[in-house]
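Novice: Take a look at this one; I'll ask things after.
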Amino acid sequence: MDYPNTDNYRITNASEIFSPGLVIFRERLAHNLAEMVRIAGHPERLRPHCKTHKTREIIEMQVKLGITRHKCATIAEAEMLAEVGVKDVLLAYQMVGPNISRLVKLTDNFPGTTFGCLVDHPEAVSQLSRAITSGGNFDRSVDVLVDLNSGMNRTGISIGPSAIELYEMILSAEGLNVGGLHWYDGQHRQSDLRERTVAVNAGWNQLIKFRDQLLLSGLSVPRIVAAGTGSFPILAQHEEPNLELSPGTTTFHDDDMATRFPEMNFLPALGILTRVISRNRANHLTLDVGHKSCAADQPFGHRLAFPELPDARELIHSEEHLVIETAHADQFKLGDHLIAIPRHVCPASAVHQYANVVEDGKLIARWEIIARDRVLTI
């Protein structure tokens, strides 16, 4: 992606930020949240995924916009959401092992919050039902959504008779409320909008056909939770009253999404402040943004973008160092800082203790990335 206005990432009191340090540009974050609501058409149609940021303050910003339903990936994230006061939390995971009892504890500790989770296998339904009603407690309940395989082939049961049987099993299980269907189609990352639209809608039509089959069988489908970043604006155009859109990356956006989906009006709102720690070779800078401080899941050479150095080329990336090549290296001295935009933003927040919040070009606050930990109190 091109970054024509690098002033957006300037920080006048950058000396107060330790490096490598996570930086949230608050105006851009606020823009992205407002854009999510605009695309959805109404905040009640949103169920944003908090795995991207894991931060209380951003949840509070979303709640102020009227976003009452939220999605997460871990028990810690669910606990964070409930502590903030969110009343409807969906764990987009199938609970297994000790996480089943942890979910039960969540329902006990936060009786004012409705918790939900996903299933794609009958054994998960049985285990969850037994745990929820353990000790003869039939006052507890959780919402359970059937996770359908959208073609991503990661989780989810294939549409067909087995999925109907699983749905019916939830309806008859003690302690479980049938919550509807979950459809994550994050595999649709085509840069060509027309091509992506055709692919997304083909999957959507398959999903709606299955939903209608459930309804014709007399089964209730309270909601459909759907969308990845690429499909979010496309699915938002469908006037499905029970649709809850669950984008995550759009909260911060990143260089990958900005490059793949140029038609989207989101702005990269999170960067990593890094400093020059060595410059002993011509056209080379060594920075302190190793792969312990940014996402290393992207291919080497495509992990970070530098708005001030569009020609930067990654040469070496190790635990604590990044060596880049740039024709502008001689403009920098030891200790000078740069802002690096993650190619993939979601894992970046998980490796930082807190984020430095910048507004109007100045550091104004630090927000703890509270749910980077796997365990809070439960």
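All residue names refer to the structure tokens as shown: chains lettered A, B, ... in order, residues numbered from 1 in each chain, ligands numbered from 1 in order.
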Could you pull the residues within 7 Å of range 323-328 of chain A, counting only C-alpha atoms, minus those fewer than 6 positions along the same chain, as a list in words?
Specialist: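 Close residues of range 323-328 of chain A: Asn283, His284, Leu285, Thr286, Leu287, Asp311, Ala312, Arg313, Glu314, Leu315, Ile316 and His317 of chain A.
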Novice: Please save N, CA and C atoms of the selected residues as an mmCIF file, in the first residue's frame.
Specialist:
data_model
loop_
_atom_site.group_PDB
_atom_site.id
_atom_site.type_symbol
_atom_site.label_atom_id
_atom_site.label_comp_id
_atom_site.auth_asym_id
_atom_site.auth_seq_id
_atom_site.Cartn_x
_atom_site.Cartn_y
_atom_site.Cartn_z
ATOM 1 N N ASN A 283 23.254 2.172 2.767
ATOM 2 C CA ASN A 283 21.884 1.816 2.369
ATOM 3 C C ASN A 283 21.230 0.775 3.274
ATOM 4 N N HIS A 284 21.782 0.570 4.482
ATOM 5 C CA HIS A 284 21.220 -0.395 5.408
ATOM 6 C C HIS A 284 20.902 0.266 6.752
ATOM 7 N N LEU A 285 19.771 -0.119 7.326
ATOM 8 C CA LEU A 285 19.415 0.275 8.684
ATOM 9 C C LEU A 285 19.057 -0.976 9.464
ATOM 10 N N THR A 286 19.550 -1.069 10.693
ATOM 11 C CA THR A 286 19.137 -2.142 11.581
ATOM 12 C C THR A 286 18.209 -1.549 12.633
ATOM 13 N N LEU A 287 17.014 -2.126 12.732
ATOM 14 C CA LEU A 287 15.965 -1.631 13.623
ATOM 15 C C LEU A 287 15.707 -2.643 14.738
ATOM 16 N N ASP A 311 10.485 2.443 -0.179
ATOM 17 C CA ASP A 311 11.408 1.562 -0.902
ATOM 18 C C ASP A 311 12.063 0.530 0.017
ATOM 19 N N ALA A 312 11.711 0.532 1.306
ATOM 20 C CA ALA A 312 12.374 -0.353 2.271
ATOM 21 C C ALA A 312 12.193 -1.814 1.885
ATOM 22 N N ARG A 313 13.275 -2.557 1.983
ATOM 23 C CA ARG A 313 13.254 -3.996 1.673
ATOM 24 C C ARG A 313 13.848 -4.758 2.850
ATOM 25 N N GLU A 314 13.084 -5.727 3.361
ATOM 26 C CA GLU A 314 13.544 -6.519 4.498
ATOM 27 C C GLU A 314 14.639 -7.481 4.053
ATOM 28 N N LEU A 315 15.766 -7.452 4.777
ATOM 29 C CA LEU A 315 16.900 -8.322 4.440
ATOM 30 C C LEU A 315 17.103 -9.431 5.462
ATOM 31 N N ILE A 316 17.051 -9.071 6.732
ATOM 32 C CA ILE A 316 17.239 -10.033 7.812
ATOM 33 C C ILE A 316 16.213 -9.727 8.898
ATOM 34 N N HIS A 317 15.513 -10.769 9.363
ATOM 35 C CA HIS A 317 14.572 -10.588 10.458
ATOM 36 C C HIS A 317 14.833 -11.673 11.487
#
Novice: Please, which residues of range 125-362 of chain A, numbered as in this document, come out strand (DSSP E) from DSSP, as a PyMOL selection string?
Specialist: chain A and resi 142-148+176-183+224-226+243-245+270-278+284-287+304-305+313-317+322-325+337-342+354-359+362
Novice: Write out as JSON, numbers by chain the residues lying within 10 Å of Phe110 in chain A, counting only C-alpha atoms and excluding same-chain residues fewer than 6 positions away.
Specialist: {"A": [79, 82, 83, 85, 87]}
Novice: Write the residues you've just listed into a file as a short mmCIF file (atom, residue, chain, number, x, y, z; two decimals), in the first residue's frame, and include N, CA and C atoms for each of them.
Specialist:
data_model
loop_
_atom_site.label_atom_id
_atom_site.label_comp_id
_atom_site.auth_asym_id
_atom_site.auth_seq_id
_atom_site.Cartn_x
_atom_site.Cartn_y
_atom_site.Cartn_z
N GLU A 79 -13.75 -12.97 29.43
CA GLU A 79 -13.79 -12.37 30.76
C GLU A 79 -13.59 -10.86 30.68
N ALA A 82 -16.83 -9.27 29.54
CA ALA A 82 -17.85 -9.26 30.60
C ALA A 82 -17.51 -8.23 31.66
N GLU A 83 -16.24 -8.08 31.99
CA GLU A 83 -15.84 -7.08 32.99
C GLU A 83 -16.15 -5.66 32.54
N GLY A 85 -18.65 -4.91 30.81
CA GLY A 85 -20.10 -4.76 30.87
C GLY A 85 -20.83 -5.24 29.64
N LYS A 87 -22.97 -7.52 27.45
CA LYS A 87 -24.04 -8.44 27.88
C LYS A 87 -24.21 -9.65 26.98
#
Novice: As a ChimeraX atom specification, please: every residue in range 38-233 of chain A that DSSP puts in helix (DSSP H, G or I).
Specialist: /A:38-40,43-45,50-52,56-64,75-84,98-109,122-132,134-136,161-172,193-216,232-233
Novice: At a cut-off of 9 Å, using only C-alpha atoms, what residues contact range 208-218 of chain A? Leave out same-chain residues fewer than 2 positions from it and give the result as a PyMOL selection string.
Specialist: chain A and resi 159-160+164+167+180-181+203-206+220-221+224
Novice: Those same residues, written as a PDB file, in the first residue's frame with N, CA and C atoms?
Specialist:
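Output below, filename result-v3.pdb:
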ATOM      1  N   ILE A 159     -22.318 -28.684   5.528  1.00  0.00           N
ATOM      2  CA  ILE A 159     -23.769 -28.585   5.383  1.00  0.00           C
ATOM      3  C   ILE A 159     -24.311 -29.916   4.877  1.00  0.00           C
ATOM      4  N   GLY A 160     -25.362 -30.378   5.536  1.00  0.00           N
ATOM      5  CA  GLY A 160     -25.940 -31.662   5.155  1.00  0.00           C
ATOM      6  C   GLY A 160     -26.694 -32.288   6.314  1.00  0.00           C
ATOM      7  N   ILE A 164     -27.780 -31.055  10.412  1.00  0.00           N
ATOM      8  CA  ILE A 164     -29.149 -30.973  10.936  1.00  0.00           C
ATOM      9  C   ILE A 164     -29.270 -31.784  12.219  1.00  0.00           C
ATOM     10  N   TYR A 167     -27.720 -29.899  15.021  1.00  0.00           N
ATOM     11  CA  TYR A 167     -28.578 -28.786  15.425  1.00  0.00           C
ATOM     12  C   TYR A 167     -29.699 -29.291  16.326  1.00  0.00           C
ATOM     13  N   GLY A 180     -28.089 -20.591  16.819  1.00  0.00           N
ATOM     14  CA  GLY A 180     -28.110 -20.300  15.397  1.00  0.00           C
ATOM     15  C   GLY A 180     -26.913 -20.896  14.682  1.00  0.00           C
ATOM     16  N   LEU A 181     -26.415 -20.166  13.679  1.00  0.00           N
ATOM     17  CA  LEU A 181     -25.371 -20.673  12.799  1.00  0.00           C
ATOM     18  C   LEU A 181     -24.185 -19.712  12.758  1.00  0.00           C
ATOM     19  N   GLY A 203     -21.313 -18.665  -1.407  1.00  0.00           N
ATOM     20  CA  GLY A 203     -21.340 -19.300  -0.098  1.00  0.00           C
ATOM     21  C   GLY A 203     -22.543 -18.876   0.716  1.00  0.00           C
ATOM     22  N   TRP A 204     -22.875 -17.597   0.650  1.00  0.00           N
ATOM     23  CA  TRP A 204     -24.032 -17.077   1.376  1.00  0.00           C
ATOM     24  C   TRP A 204     -25.314 -17.777   0.919  1.00  0.00           C
ATOM     25  N   ASN A 205     -25.481 -17.947  -0.369  1.00  0.00           N
ATOM     26  CA  ASN A 205     -26.687 -18.602  -0.882  1.00  0.00           C
ATOM     27  C   ASN A 205     -26.792 -20.037  -0.378  1.00  0.00           C
ATOM     28  N   GLN A 206     -25.644 -20.713  -0.281  1.00  0.00           N
ATOM     29  CA  GLN A 206     -25.617 -22.073   0.248  1.00  0.00           C
ATOM     30  C   GLN A 206     -26.035 -22.072   1.726  1.00  0.00           C
ATOM     31  N   SER A 220     -35.888 -23.368  15.077  1.00  0.00           N
ATOM     32  CA  SER A 220     -35.601 -21.936  15.191  1.00  0.00           C
ATOM     33  C   SER A 220     -34.135 -21.650  14.885  1.00  0.00           C
ATOM     34  N   VAL A 221     -33.895 -20.557  14.162  1.00  0.00           N
ATOM     35  CA  VAL A 221     -32.522 -20.108  13.892  1.00  0.00           C
ATOM     36  C   VAL A 221     -32.441 -18.648  14.332  1.00  0.00           C
ATOM     37  N   ILE A 224     -27.534 -15.599  12.559  1.00  0.00           N
ATOM     38  CA  ILE A 224     -26.409 -16.058  11.741  1.00  0.00           C
ATOM     39  C   ILE A 224     -25.263 -15.104  12.016  1.00  0.00           C
TER      40      ILE A 224
END
Novice: Excluding same-chain residues fewer than 3 positions from Val119 in chain A, what lies within 8 Å of it counting only C-alpha atoms, as an MDAnalysis selection string?
Specialist: chainID A and resid 93:95 122 124:125 144:147 156
Novice: Could you write out the selected residues, including C-alpha atoms, as a CSV table (one decimal), in the first residue's frame?
Specialist:
chain,number,residue,atom,x,y,z
A,93,TYR,CA,-14.4,-21.7,19.5
A,94,GLN,CA,-15.5,-25.2,20.3
A,95,MET,CA,-14.9,-25.7,24.0
A,122,PRO,CA,-21.8,-34.2,18.8
A,124,ALA,CA,-18.8,-31.4,22.2
A,125,VAL,CA,-22.5,-31.0,22.7
A,144,VAL,CA,-24.6,-22.8,21.3
A,145,LEU,CA,-24.2,-22.1,17.5
A,146,VAL,CA,-23.4,-24.7,14.9
A,147,ASP,CA,-20.1,-23.9,13.2
A,156,GLY,CA,-17.0,-26.5,11.0
Novice: What does the structure give for the distance between CA of Ala163 in chain A and CA of Leu118 in chain A, in Å to one decimal?
Specialist: 12.8 Å
Novice: Could you make a table, as CSV, of the residues of range 208-314 of chain A that have an atom within 9 Å of an atom of range 41-52 of chain A, each with its nearest atom pair and distance in Å to one decimal, counting only C-alpha atoms, in chain and number order?
Specialist:
residue,atom,partner,partner_atom,distance
A:Val225,CA,A:Arg47,CA,7.8
A:Ala236,CA,A:Gly41,CA,7.7
A:Gln237,CA,A:Gly41,CA,8.9
A:Pro241,CA,A:Arg45,CA,8.5
A:Asn242,CA,A:Arg45,CA,8.2
A:Leu243,CA,A:Arg45,CA,6.5
A:Glu244,CA,A:Arg45,CA,4.9
A:Leu245,CA,A:Leu46,CA,4.8
A:Ser246,CA,A:Pro48,CA,4.5
A:Pro247,CA,A:Pro48,CA,5.2
A:Gly248,CA,A:His49,CA,4.5
A:Thr249,CA,A:Thr52,CA,5.9
A:Thr250,CA,A:Thr52,CA,8.7
A:Thr251,CA,A:Thr52,CA,7.3
A:Phe252,CA,A:Thr52,CA,7.6
Novice: Fewer than 3 positions away in the same chain doesn't count, so skip those; otherwise give me all residues within 9 Å of Leu91 in chain A, counting only C-alpha atoms, as a ChimeraX atom specification.
Specialist: /A:70-75,77-78,94-95,115-118
Novice: Val104 in chain A: which residues within 9 Å, counting only C-alpha atoms, same-chain residues fewer than 6 positions away excluded, as a list in words?
Specialist: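 Near Val104 in chain A, the qualifying residues are Leu128, Ala131, Ile132, Arg140, Ser141 and Val142 of chain A.
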Novice: Any idea what the distance is between CA of Gln331 in chain A and CA of Pro268 in chain A?
Specialist: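 The value is 25.0 Å.
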Novice: Could you check how far CA of Val37 in chain A sits from CA of Ile67 in chain A, in Å to one decimal?
Specialist: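 For CA of Val37 in chain A relative to CA of Ile67 in chain A, the distance reads 8.5 Å.
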Novice: For Glu240 in chain A, which residue among A:Ala40, A:Ala202, A:Met80, A:Pro111 is the nearest when counting only C-alpha atoms?
Specialist: A:Ala40
Novice: Kindly provide the residues of range 184-285 of chain A that approach range 352-372 of chain A to within 10 Å, each paired with its closest atom pair and their distance in Å to one decimal, based on only C-alpha atoms, listed by chain and increasing number, as JSON lines.
Specialist:
{"residue": "A:Leu270", "atom": "CA", "partner": "A:Ala355", "partner_atom": "CA", "distance": 9.1}
{"residue": "A:Gly271", "atom": "CA", "partner": "A:Ala355", "partner_atom": "CA", "distance": 9.6}
{"residue": "A:Ile272", "atom": "CA", "partner": "A:Ala355", "partner_atom": "CA", "distance": 9.3}
{"residue": "A:Leu273", "atom": "CA", "partner": "A:Asn356", "partner_atom": "CA", "distance": 9.4}
Novice: Select, from A:Ala30, A:Ile234, A:Arg189, A:Leu171, the residue with the minimum atom-to-atom distance to Asn201 in chain A, counting only C-alpha atoms.
Specialist: A:Ile234
